[in-house]
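*Asks:* File run07.txt below, compact mmCIF, C-alpha atoms:
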# COMPACT_ATOMS: atom_id res chain seq x y z
CA MET P 552 36.81 110.19 83.81
CA LYS P 553 40.16 111.08 85.12
CA PHE P 554 42.32 108.73 87.06
CA PHE P 555 45.08 109.88 89.39
CA PHE P 556 48.04 107.62 89.29
CA LEU P 557 50.99 107.61 91.56
CA ASN P 558 53.93 109.02 89.70
CA VAL P 559 56.34 106.10 90.06
CA ARG P 560 59.77 106.95 88.70
CA GLN P 561 62.40 104.42 87.86
CA PRO P 562 65.37 104.98 90.14
CA SER P 563 67.71 107.11 88.09
CA LYS P 564 70.73 105.50 89.68
CA LEU P 565 70.06 102.39 87.59
CA ALA P 566 70.52 104.44 84.45
CA ALA P 567 73.61 106.04 85.98
CA LYS P 568 75.14 102.66 86.78
CA LYS P 569 74.43 101.29 83.33
CA ARG P 570 75.94 104.31 81.61
CA LEU P 571 78.94 104.36 83.92
CA ASN P 572 79.73 100.70 83.30
CA ALA P 573 79.61 101.29 79.55
CA VAL P 574 81.63 104.48 79.63
CA ILE P 575 84.28 103.15 82.00
CA SER P 576 84.71 99.92 80.02
CA ASN P 577 85.21 101.99 76.90
CA ASP P 578 87.65 104.34 78.65
CA ARG P 579 89.71 101.44 79.96
CA VAL P 580 89.95 99.84 76.54
CA ASN P 581 90.90 103.08 74.82
CA VAL P 582 93.50 104.03 77.40
CA SER P 583 95.25 100.67 77.29
CA GLN P 584 94.60 99.80 73.66
CA GLY P 585 97.50 101.56 71.99
CA LYS P 586 100.09 100.30 74.38
CA THR P 587 98.66 96.79 74.64
CA ILE P 588 98.60 96.32 70.86
CA GLU P 589 102.11 97.66 70.45
CA LYS P 590 103.32 95.42 73.26
CA ILE P 591 101.69 92.39 71.65
CA ARG P 592 103.10 93.31 68.26
CA LYS P 593 106.62 93.53 69.65
CA GLU P 594 106.29 90.28 71.56
CA VAL P 595 105.03 88.43 68.49
CA ALA P 596 107.84 89.94 66.44
CA ALA P 597 110.36 88.82 69.06
CA VAL P 598 109.01 85.25 68.99
CA LEU P 599 109.05 85.15 65.19
CA SER P 600 112.59 86.42 65.04
CA LYS P 601 113.70 83.30 66.92
CA TYR P 602 112.29 81.08 64.20
CA SER P 603 112.97 83.39 61.32
CA PRO P 604 116.07 85.46 62.04
CA ASP P 605 115.57 87.23 58.76
CA SER P 606 115.20 90.84 59.86
CA GLU P 607 112.64 91.59 57.15
CA SER P 608 110.15 89.00 58.32
CA ALA P 609 110.80 89.70 62.03
CA GLY P 610 109.68 93.26 61.57
CA SER P 611 106.64 92.56 59.47
CA VAL P 612 104.00 92.10 62.13
CA SER P 613 101.02 94.29 61.51
CA VAL P 614 97.91 94.99 63.53
CA THR P 615 94.57 95.91 62.09
CA LYS P 616 91.26 96.58 63.79
CA ALA P 617 88.58 93.98 63.21
CA PRO P 618 84.83 94.22 63.83
CA GLY P 619 83.55 93.61 67.34
CA GLY P 620 86.40 95.50 69.02
CA GLU P 621 88.97 92.87 68.10
CA CYS P 622 92.37 93.21 66.51
CA LEU P 623 93.93 91.13 63.76
CA LEU P 624 97.63 90.35 64.00
CA ALA P 625 99.26 89.42 60.72
CA ALA P 626 102.85 88.32 60.30
CA LYS P 627 104.92 87.66 57.21
CA ILE P 628 107.21 84.70 57.69
CA ARG P 629 109.30 82.78 55.25
CA LEU P 630 108.65 79.04 55.30
CA LYS P 631 111.16 76.46 54.25
CA THR P 632 109.69 73.58 52.33
CA THR P 633 111.33 70.20 52.55
CA GLN P 634 110.77 67.58 49.97
CA MET I 264 109.22 107.15 108.28
CA SER I 265 106.16 109.23 107.50
CA GLU I 266 103.01 107.93 105.91
CA VAL I 267 102.97 109.87 102.66
CA ILE I 268 99.43 109.97 101.32
CA VAL I 269 98.18 111.77 98.22
CA ILE I 270 94.56 112.91 98.18
CA THR I 271 93.30 113.00 94.63
CA SER I 272 90.17 112.67 92.54
CA GLY I 273 90.65 113.59 88.90
CA LYS I 274 87.55 115.72 88.82
CA GLY I 275 87.62 119.14 90.42
CA GLY I 276 85.26 120.31 93.10
CA VAL I 277 84.58 116.97 94.76
CA GLY I 278 86.18 117.96 98.06
CA LYS I 279 89.87 117.01 97.91
CA THR I 280 91.12 120.11 99.67
CA THR I 281 88.39 120.05 102.31
CA THR I 282 89.07 116.34 102.86
CA THR I 283 92.83 116.92 103.11
CA ALA I 284 92.37 119.73 105.63
CA ASN I 285 89.91 117.87 107.81
CA ILE I 286 91.68 114.52 107.78
CA GLY I 287 94.85 116.41 108.68
CA ALA I 288 93.11 118.19 111.53
CA ALA I 289 91.52 114.97 112.78
CA LEU I 290 94.90 113.20 112.76
CA ALA I 291 96.42 116.12 114.66
CA MET I 292 93.55 115.92 117.18
CA ALA I 293 94.48 112.25 117.61
CA GLY I 294 98.01 113.30 118.57
CA LYS I 295 99.82 112.76 115.28
CA LYS I 296 102.32 115.20 113.78
CA VAL I 297 100.91 116.13 110.38
CA LEU I 298 102.18 118.10 107.41
CA MET I 299 99.82 119.04 104.60
CA ILE I 300 101.37 120.07 101.28
CA ASP I 301 99.33 121.98 98.74
CA THR I 302 100.55 121.07 95.25
CA ASP I 303 97.86 123.02 93.40
CA ILE I 304 100.32 125.66 92.19
CA GLY I 305 98.57 128.69 90.79
CA LEU I 306 95.21 127.81 92.34
CA ARG I 307 96.04 127.19 95.97
CA ASN I 308 93.18 126.78 98.43
CA LEU I 309 94.37 124.66 101.31
CA ASP I 310 95.54 127.82 103.08
CA VAL I 311 92.09 129.43 102.77
CA ILE I 312 90.23 126.32 103.91
CA MET I 313 92.49 126.17 106.97
CA GLY I 314 92.19 129.90 107.66
CA LEU I 315 95.95 130.39 107.34
CA GLU I 316 95.99 132.59 104.25
CA ASN I 317 97.43 135.59 106.11
CA ARG I 318 100.38 133.69 107.52
CA ILE I 319 102.13 132.59 104.36
CA VAL I 320 105.67 133.82 103.84
CA TYR I 321 107.33 131.11 101.75
CA ASP I 322 105.80 128.36 99.64
CA LEU I 323 106.53 125.05 97.93
CA VAL I 324 108.14 126.71 94.90
CA ASP I 325 110.45 128.80 97.14
CA VAL I 326 111.60 125.54 98.74
CA VAL I 327 112.25 123.59 95.51
CA GLU I 328 114.01 126.60 93.99
CA ASN I 329 116.23 126.81 97.11
CA ARG I 330 115.18 130.26 98.18
CA CYS I 331 114.53 128.95 101.67
CA GLU I 332 114.87 125.81 103.77
CA TYR I 333 111.76 123.66 103.86
CA PHE I 334 111.00 124.40 107.53
CA LYS I 335 110.77 128.13 106.80
CA ALA I 336 107.89 127.47 104.43
CA LEU I 337 105.90 125.58 107.06
CA VAL I 338 102.95 127.37 108.64
CA ARG I 339 102.10 125.96 112.04
CA ASP I 340 98.40 125.93 112.89
CA LYS I 341 97.95 127.73 116.22
CA ARG I 342 94.90 125.64 117.05
CA PHE I 343 96.86 122.40 116.82
CA ASN I 344 100.57 122.58 117.57
CA ASN I 345 101.28 119.42 115.62
CA LEU I 346 99.57 120.49 112.39
CA PHE I 347 101.56 122.18 109.63
CA LEU I 348 100.91 123.50 106.14
CA MET I 349 103.31 123.94 103.24
CA PRO I 350 101.35 126.16 100.88
CA ALA I 351 101.52 126.18 97.10
CA ALA I 352 102.68 129.22 95.17
CA GLN I 353 99.80 131.29 93.86
CA SER I 354 101.60 133.30 91.20
CA ARG I 355 103.31 130.44 89.38
CA ASP I 356 102.03 127.40 87.51
CA LYS I 357 102.37 123.64 87.86
CA SER I 358 105.41 123.44 85.60
CA SER I 359 107.39 125.26 88.33
CA VAL I 360 107.93 121.99 90.18
CA THR I 361 109.21 118.67 88.84
CA THR I 362 108.61 115.17 90.11
CA THR I 363 112.30 114.89 90.99
CA GLN I 364 112.07 118.00 93.15
CA MET I 365 108.98 116.62 94.91
CA LYS I 366 110.71 113.33 95.64
CA HIS I 367 113.75 115.16 96.98
CA LEU I 368 111.58 117.36 99.19
CA ILE I 369 109.64 114.43 100.68
CA LYS I 370 112.89 112.58 101.27
CA GLN I 371 114.18 115.60 103.25
CA ILE I 372 111.13 115.80 105.51
CA ASP I 373 110.24 112.12 105.68
CA GLU I 374 111.49 111.54 109.23
CA SER I 375 109.92 114.65 110.73
CA PHE I 376 106.21 113.81 110.57
CA ASP I 377 103.83 110.97 111.27
CA TYR I 378 101.72 111.86 108.24
CA ILE I 379 102.41 113.88 105.11
CA LEU I 380 99.16 114.58 103.26
CA ILE I 381 99.56 115.85 99.71
CA ASP I 382 96.62 117.79 98.31
CA CYS I 383 96.58 117.00 94.60
CA PRO I 384 95.16 119.40 92.02
CA ALA I 385 92.39 118.35 89.67
CA GLY I 386 93.42 116.81 86.37
CA ILE I 387 96.02 114.29 85.30
CA GLU I 388 98.81 116.52 84.03
CA GLN I 389 101.97 117.86 85.69
CA GLY I 390 100.21 118.80 88.91
CA PHE I 391 99.01 115.23 89.38
CA GLU I 392 102.42 113.81 88.48
CA ASN I 393 104.09 116.04 91.08
CA ALA I 394 101.58 115.13 93.78
CA VAL I 395 101.90 111.36 93.32
CA ALA I 396 105.66 111.33 92.73
CA ALA I 397 106.63 110.55 96.31
CA ALA I 398 103.34 109.17 97.64
CA LYS I 399 103.16 105.66 99.06
CA LYS I 400 99.39 105.60 99.53
CA ALA I 401 96.42 107.34 97.97
CA ILE I 402 92.98 108.46 98.98
CA VAL I 403 90.62 108.93 96.05
CA VAL I 404 87.77 111.33 96.78
CA ALA I 405 84.65 110.87 94.69
CA MET I 406 81.08 112.06 94.75
CA PRO I 407 78.26 109.65 93.99
CA GLU I 408 77.60 111.03 90.53
CA VAL I 409 78.60 109.87 87.05
CA SER I 410 81.37 112.28 86.06
CA SER I 411 83.12 112.04 89.39
CA VAL I 412 83.05 108.22 89.38
CA ARG I 413 84.32 108.12 85.80
CA ASP I 414 87.24 110.39 86.61
CA ALA I 415 87.97 108.48 89.82
CA ASP I 416 88.28 105.28 87.80
CA ARG I 417 90.79 106.94 85.49
CA ILE I 418 92.78 108.25 88.43
CA ILE I 419 92.87 104.80 90.04
CA GLY I 420 94.34 103.41 86.84
CA LEU I 421 97.02 106.09 86.85
CA LEU I 422 97.82 105.55 90.53
CA GLU I 423 98.28 101.84 89.88
CA LYS I 424 100.54 102.73 86.96
CA HIS I 425 102.62 104.73 89.45
CA GLU I 426 102.81 101.58 91.58
CA ILE I 427 100.72 102.96 94.38
CA LYS I 428 98.94 99.88 95.62
CA ASP I 429 97.23 101.17 98.76
CA ILE I 430 94.35 103.15 97.27
CA ARG I 431 91.23 103.82 99.29
CA LEU I 432 88.00 105.62 98.54
CA VAL I 433 86.31 108.46 100.35
CA VAL I 434 82.78 109.08 99.13
CA ASN I 435 81.89 112.72 99.65
CA LYS I 436 78.68 114.75 99.57
CA VAL I 437 76.39 111.80 100.11
CA ARG I 438 72.68 112.61 100.45
CA PRO I 439 71.06 109.69 102.30
CA LYS I 440 67.51 110.50 101.17
CA MET I 441 68.54 110.49 97.53
CA VAL I 442 70.42 107.22 97.99
CA GLU I 443 67.37 105.71 99.65
CA SER I 444 65.05 106.83 96.86
CA GLY I 445 67.42 105.48 94.21
CA SER I 446 68.23 108.91 92.82
CA MET I 447 71.85 108.82 93.90
CA LEU I 448 74.45 106.10 93.57
CA GLY I 449 74.95 104.23 96.81
CA ILE I 450 78.23 103.24 98.42
CA GLU I 451 77.91 99.65 97.21
CA ASP I 452 77.34 100.88 93.65
CA MET I 453 80.53 102.91 93.78
CA LEU I 454 82.54 100.07 95.27
CA ASP I 455 81.23 97.74 92.55
CA ILE I 456 82.44 100.09 89.87
CA LEU I 457 85.70 101.35 91.34
CA ALA I 458 86.72 98.12 93.10
CA ILE I 459 88.91 99.67 95.78
CA ASP I 460 88.61 99.59 99.56
CA LEU I 461 86.40 102.11 101.28
CA LEU I 462 87.99 104.48 103.77
CA GLY I 463 84.99 106.61 104.64
CA VAL I 464 81.75 108.31 103.71
CA ILE I 465 81.07 112.01 104.26
CA PRO I 466 77.46 113.23 104.27
CA ASP I 467 76.53 116.39 102.44
CA ASP I 468 76.58 118.79 105.33
CA GLU I 469 76.19 122.55 105.42
CA ASP I 470 78.57 122.59 108.39
CA ILE I 471 81.40 122.01 105.90
CA ILE I 472 80.62 125.20 104.03
CA ILE I 473 80.13 127.17 107.22
CA ALA I 474 83.46 125.94 108.58
CA ALA I 475 85.24 126.78 105.32
CA ASN I 476 83.71 130.26 105.38
CA LYS I 477 85.29 130.83 108.77
CA GLY I 478 88.57 129.04 108.03
CA GLU I 479 87.76 126.42 110.64
CA PHE I 480 87.91 122.63 110.60
CA VAL I 481 84.59 120.84 110.55
CA ALA I 482 86.51 117.86 111.99
CA ALA I 483 86.90 119.87 115.19
CA ASP I 484 83.14 120.37 115.49
CA THR I 485 81.93 117.60 117.77
CA ARG I 486 78.30 118.25 116.87
CA SER I 487 78.76 117.91 113.12
CA ARG I 488 78.04 114.67 111.26
CA ALA I 489 80.62 115.46 108.61
CA GLY I 490 83.08 116.24 111.38
CA GLN I 491 82.43 112.84 112.94
CA ALA I 492 82.92 111.22 109.54
CA TYR I 493 86.33 112.88 109.14
CA ARG I 494 87.36 111.85 112.64
CA ASN I 495 86.34 108.29 111.83
CA ILE I 496 88.48 108.37 108.68
CA ALA I 497 91.48 109.55 110.68
CA SER I 498 90.89 106.77 113.19
CA ARG I 499 90.83 104.18 110.39
CA LEU I 500 94.06 105.59 108.97
CA ASN I 501 95.55 105.05 112.42
CA GLY I 502 94.63 101.39 112.16
CA ASN I 503 91.44 101.37 114.26
CA LYS I 504 88.29 99.54 113.21
CA VAL I 505 85.50 102.07 113.08
CA GLU I 506 82.02 101.25 111.81
CA LEU I 507 80.54 103.42 109.10
CA MET I 508 78.22 106.08 110.42
CA ASN I 509 74.50 105.78 110.00
CA MET I 510 73.83 108.52 107.47
CA LYS I 511 70.17 108.89 108.35
CA GLN I 512 69.17 111.49 110.89
CA SER I 513 67.12 110.33 113.85
CA PHE I 514 63.58 111.64 114.33
CA LEU I 515 64.69 114.00 117.08
CA GLN I 516 67.48 115.33 114.93
CA LYS I 517 65.03 115.97 112.11
CA LEU I 518 62.61 117.67 114.47
CA PHE I 519 65.00 119.87 116.37
CA GLY I 520 67.87 120.09 113.97
CA LYS I 521 71.04 118.04 113.89
CA ARG I 522 72.54 119.72 116.93
CA ILE I 523 70.20 117.89 119.27
CA GLY I 524 69.66 114.20 119.71
CA VAL I 525 71.75 111.11 119.63
CA ARG I 526 74.56 111.17 117.19
CA SER I 527 74.99 107.81 115.51
Could you write out this structure as structure tokens?

*Replies:*
Amino acid sequence: MKFFFLNVRQPSKLAAKKRLNAVISNDRVNVSQGKTIEKIRKEVAAVLSKYSPDSESAGSVSVTKAPGGECLLAAKIRLKTTQ
Amino acid sequence: MSEVIVITSGKGGVGKTTTTANIGAALAMAGKKVLMIDTDIGLRNLDVIMGLENRIVYDLVDVVENRCEYFKALVRDKRFNNLFLMPAAQSRDKSSVTTTQMKHLIKQIDESFDYILIDCPAGIEQGFENAVAAAKKAIVVAMPEVSSVRDADRIIGLLEKHEIKDIRLVVNKVRPKMVESGSMLGIEDMLDILAIDLLGVIPDDEDIIIAANKGEFVAADTRSRAGQAYRNIASRLNGNKVELMNMKQSFLQKLFGKRIGVRS
């Protein structure tokens, strides 16, 4: 026995919206990422240089990518120990 | 001081040039003095859309390279005495003009017009940079489909980077039936994603193609829905509050064709 069913299609605009949101979010991150990280790196280095005028440690701020789209900022600073 | 507005989109083929031409014509019909500058050097089309392709003597590159004064490169539209075109060069490329030259040109002509509309080429390279260099406002033209919206978002980011804060959206080639059935992005969907103010909505209308074929302005066709949409956009640019058109055709319009019946 054959049944005739109405061919109900999901509105394709829902798929379009979902894909667009994902793609645009990714685009925005990628476009700004390089500059944003570099800007942050320089600002951190500038702050550190106030506390550690040693030029070697002021320049040693590195950025590495971490899982989940995050970045890890690492800075080498010389600490004075007082006893 | 003129209102200097760049019409851009990122993606090609969405209707920037047609929109520039028809908004310009509609503003001229409303009594404004309008200059349209085609910055798509090497691929000019504003002249063809306006039906002025046989009247070009000098172009934008001639002006910036000082081969003529700017007013000699202006083509006055005989249909509207207050509508002018500065065409792009066809045999050069976009590196023939710099942003400094564009700024200098706009500064020269700033006092002479009510509106200066700059038709921006597709892309985000030198052509785009030239077009936005002296613009104070922007109109982003986008179609309700994924690649156009994606590119429009990118363009909006670049316009903001150029410190253009007044950015408004024109949604072009809208098909009301497809929007209703959920097969096409709606206006609200696009505004959600792009997050800029809406200037107008143009329905997909064969009158636009027919007008372009003849080198006429669909904005001058009082029976055309797209023409009405362009006139509404011009009215909003002039500071008037104009409701968005009802995109759906009435029953009579469907039965007898869009030329008959109440226009909403």

*Asks:* May I have the residues of chain P within 7 Å of chain I, counting all atoms listed in the file, written as a PyMOL selection string?

*Replies:* chain P and resi 562-564+567+571+575

*Asks:* Show which residues sit within 8 Å of Leu348 of chain I, as a ChimeraX atom specification. Count all atoms listed in the file, and ignore same-chain residues fewer than 4 positions away.

*Replies:* /I:298-301,310,337-340

*Asks:* Now that the selection is made, can you save its residues with C-alpha atoms as a PDB file, in the frame of the given file?

*Replies:*
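Final output, saved to out_32.pdb:
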ATOM      1  CA  LEU I 298     102.180 118.100 107.410  1.00  0.00           C
ATOM      2  CA  MET I 299      99.820 119.040 104.600  1.00  0.00           C
ATOM      3  CA  ILE I 300     101.370 120.070 101.280  1.00  0.00           C
ATOM      4  CA  ASP I 301      99.330 121.980  98.740  1.00  0.00           C
ATOM      5  CA  ASP I 310      95.540 127.820 103.080  1.00  0.00           C
ATOM      6  CA  LEU I 337     105.900 125.580 107.060  1.00  0.00           C
ATOM      7  CA  VAL I 338     102.950 127.370 108.640  1.00  0.00           C
ATOM      8  CA  ARG I 339     102.100 125.960 112.040  1.00  0.00           C
ATOM      9  CA  ASP I 340      98.400 125.930 112.890  1.00  0.00           C
TER      10      ASP I 340
END

*Asks:* For atom CA of Val267 of chain I and atom CA of His425 of chain I, quote the distance in Å rounded to one decimal.

*Replies:*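 Straight-line distance from atom CA of Val267 of chain I to atom CA of His425 of chain I works out to 14.2 Å.
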
*Asks:* Tell me, in Å to one decimal, how far atom CA of Glu392 of chain I is from atom CA of His367 of chain I.

*Replies:*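 Spanning atom CA of Glu392 of chain I to atom CA of His367 of chain I is a straight-line distance of 14.2 Å.
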
*Asks:* State, in Å with one decimal place, the distance from atom CA of Gly275 of chain I to atom CA of Val395 of chain I.

*Replies:* 16.5 Å

*Asks:* Can you tell me, as a list in words, what residues are no more than 6 Å from segment 278-288 of chain I when counting all atoms listed in the file, ignoring any on the same chain fewer than 6 positions away?

*Replies:*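 Close residues of segment 278-288 of chain I: Leu309, Phe480, Ala482, Tyr493 and Ala497 of chain I.
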
*Asks:* Select, from P:Ala573, P:Thr615, P:Glu589, P:Ala596, the residue with the minimum atom-to-atom distance to Lys627 of chain P, counting all atoms listed in the file.

*Replies:*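 Nearest candidate to Lys627 of chain P out of P:Ala573, P:Thr615, P:Glu589, P:Ala596: P:Ala596.
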
*Asks:* Measuring between all atoms listed in the file, which one of I:Ser358, I:Ser411, I:Asn345, I:Thr302 shows the shortest distance to Tyr378 of chain I?

*Replies:*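 For Tyr378 of chain I, the nearest of the given residues is I:Asn345.
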
*Asks:* Find the residue from I:Val403, I:Ala352, I:Ile387, I:Leu454 that sits nearest to Ile304 of chain I; use only C-alpha atoms when measuring.

*Replies:*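 Checking each of I:Val403, I:Ala352, I:Ile387, I:Leu454 against Ile304 of chain I, counting only C-alpha atoms, the winner is I:Ala352.
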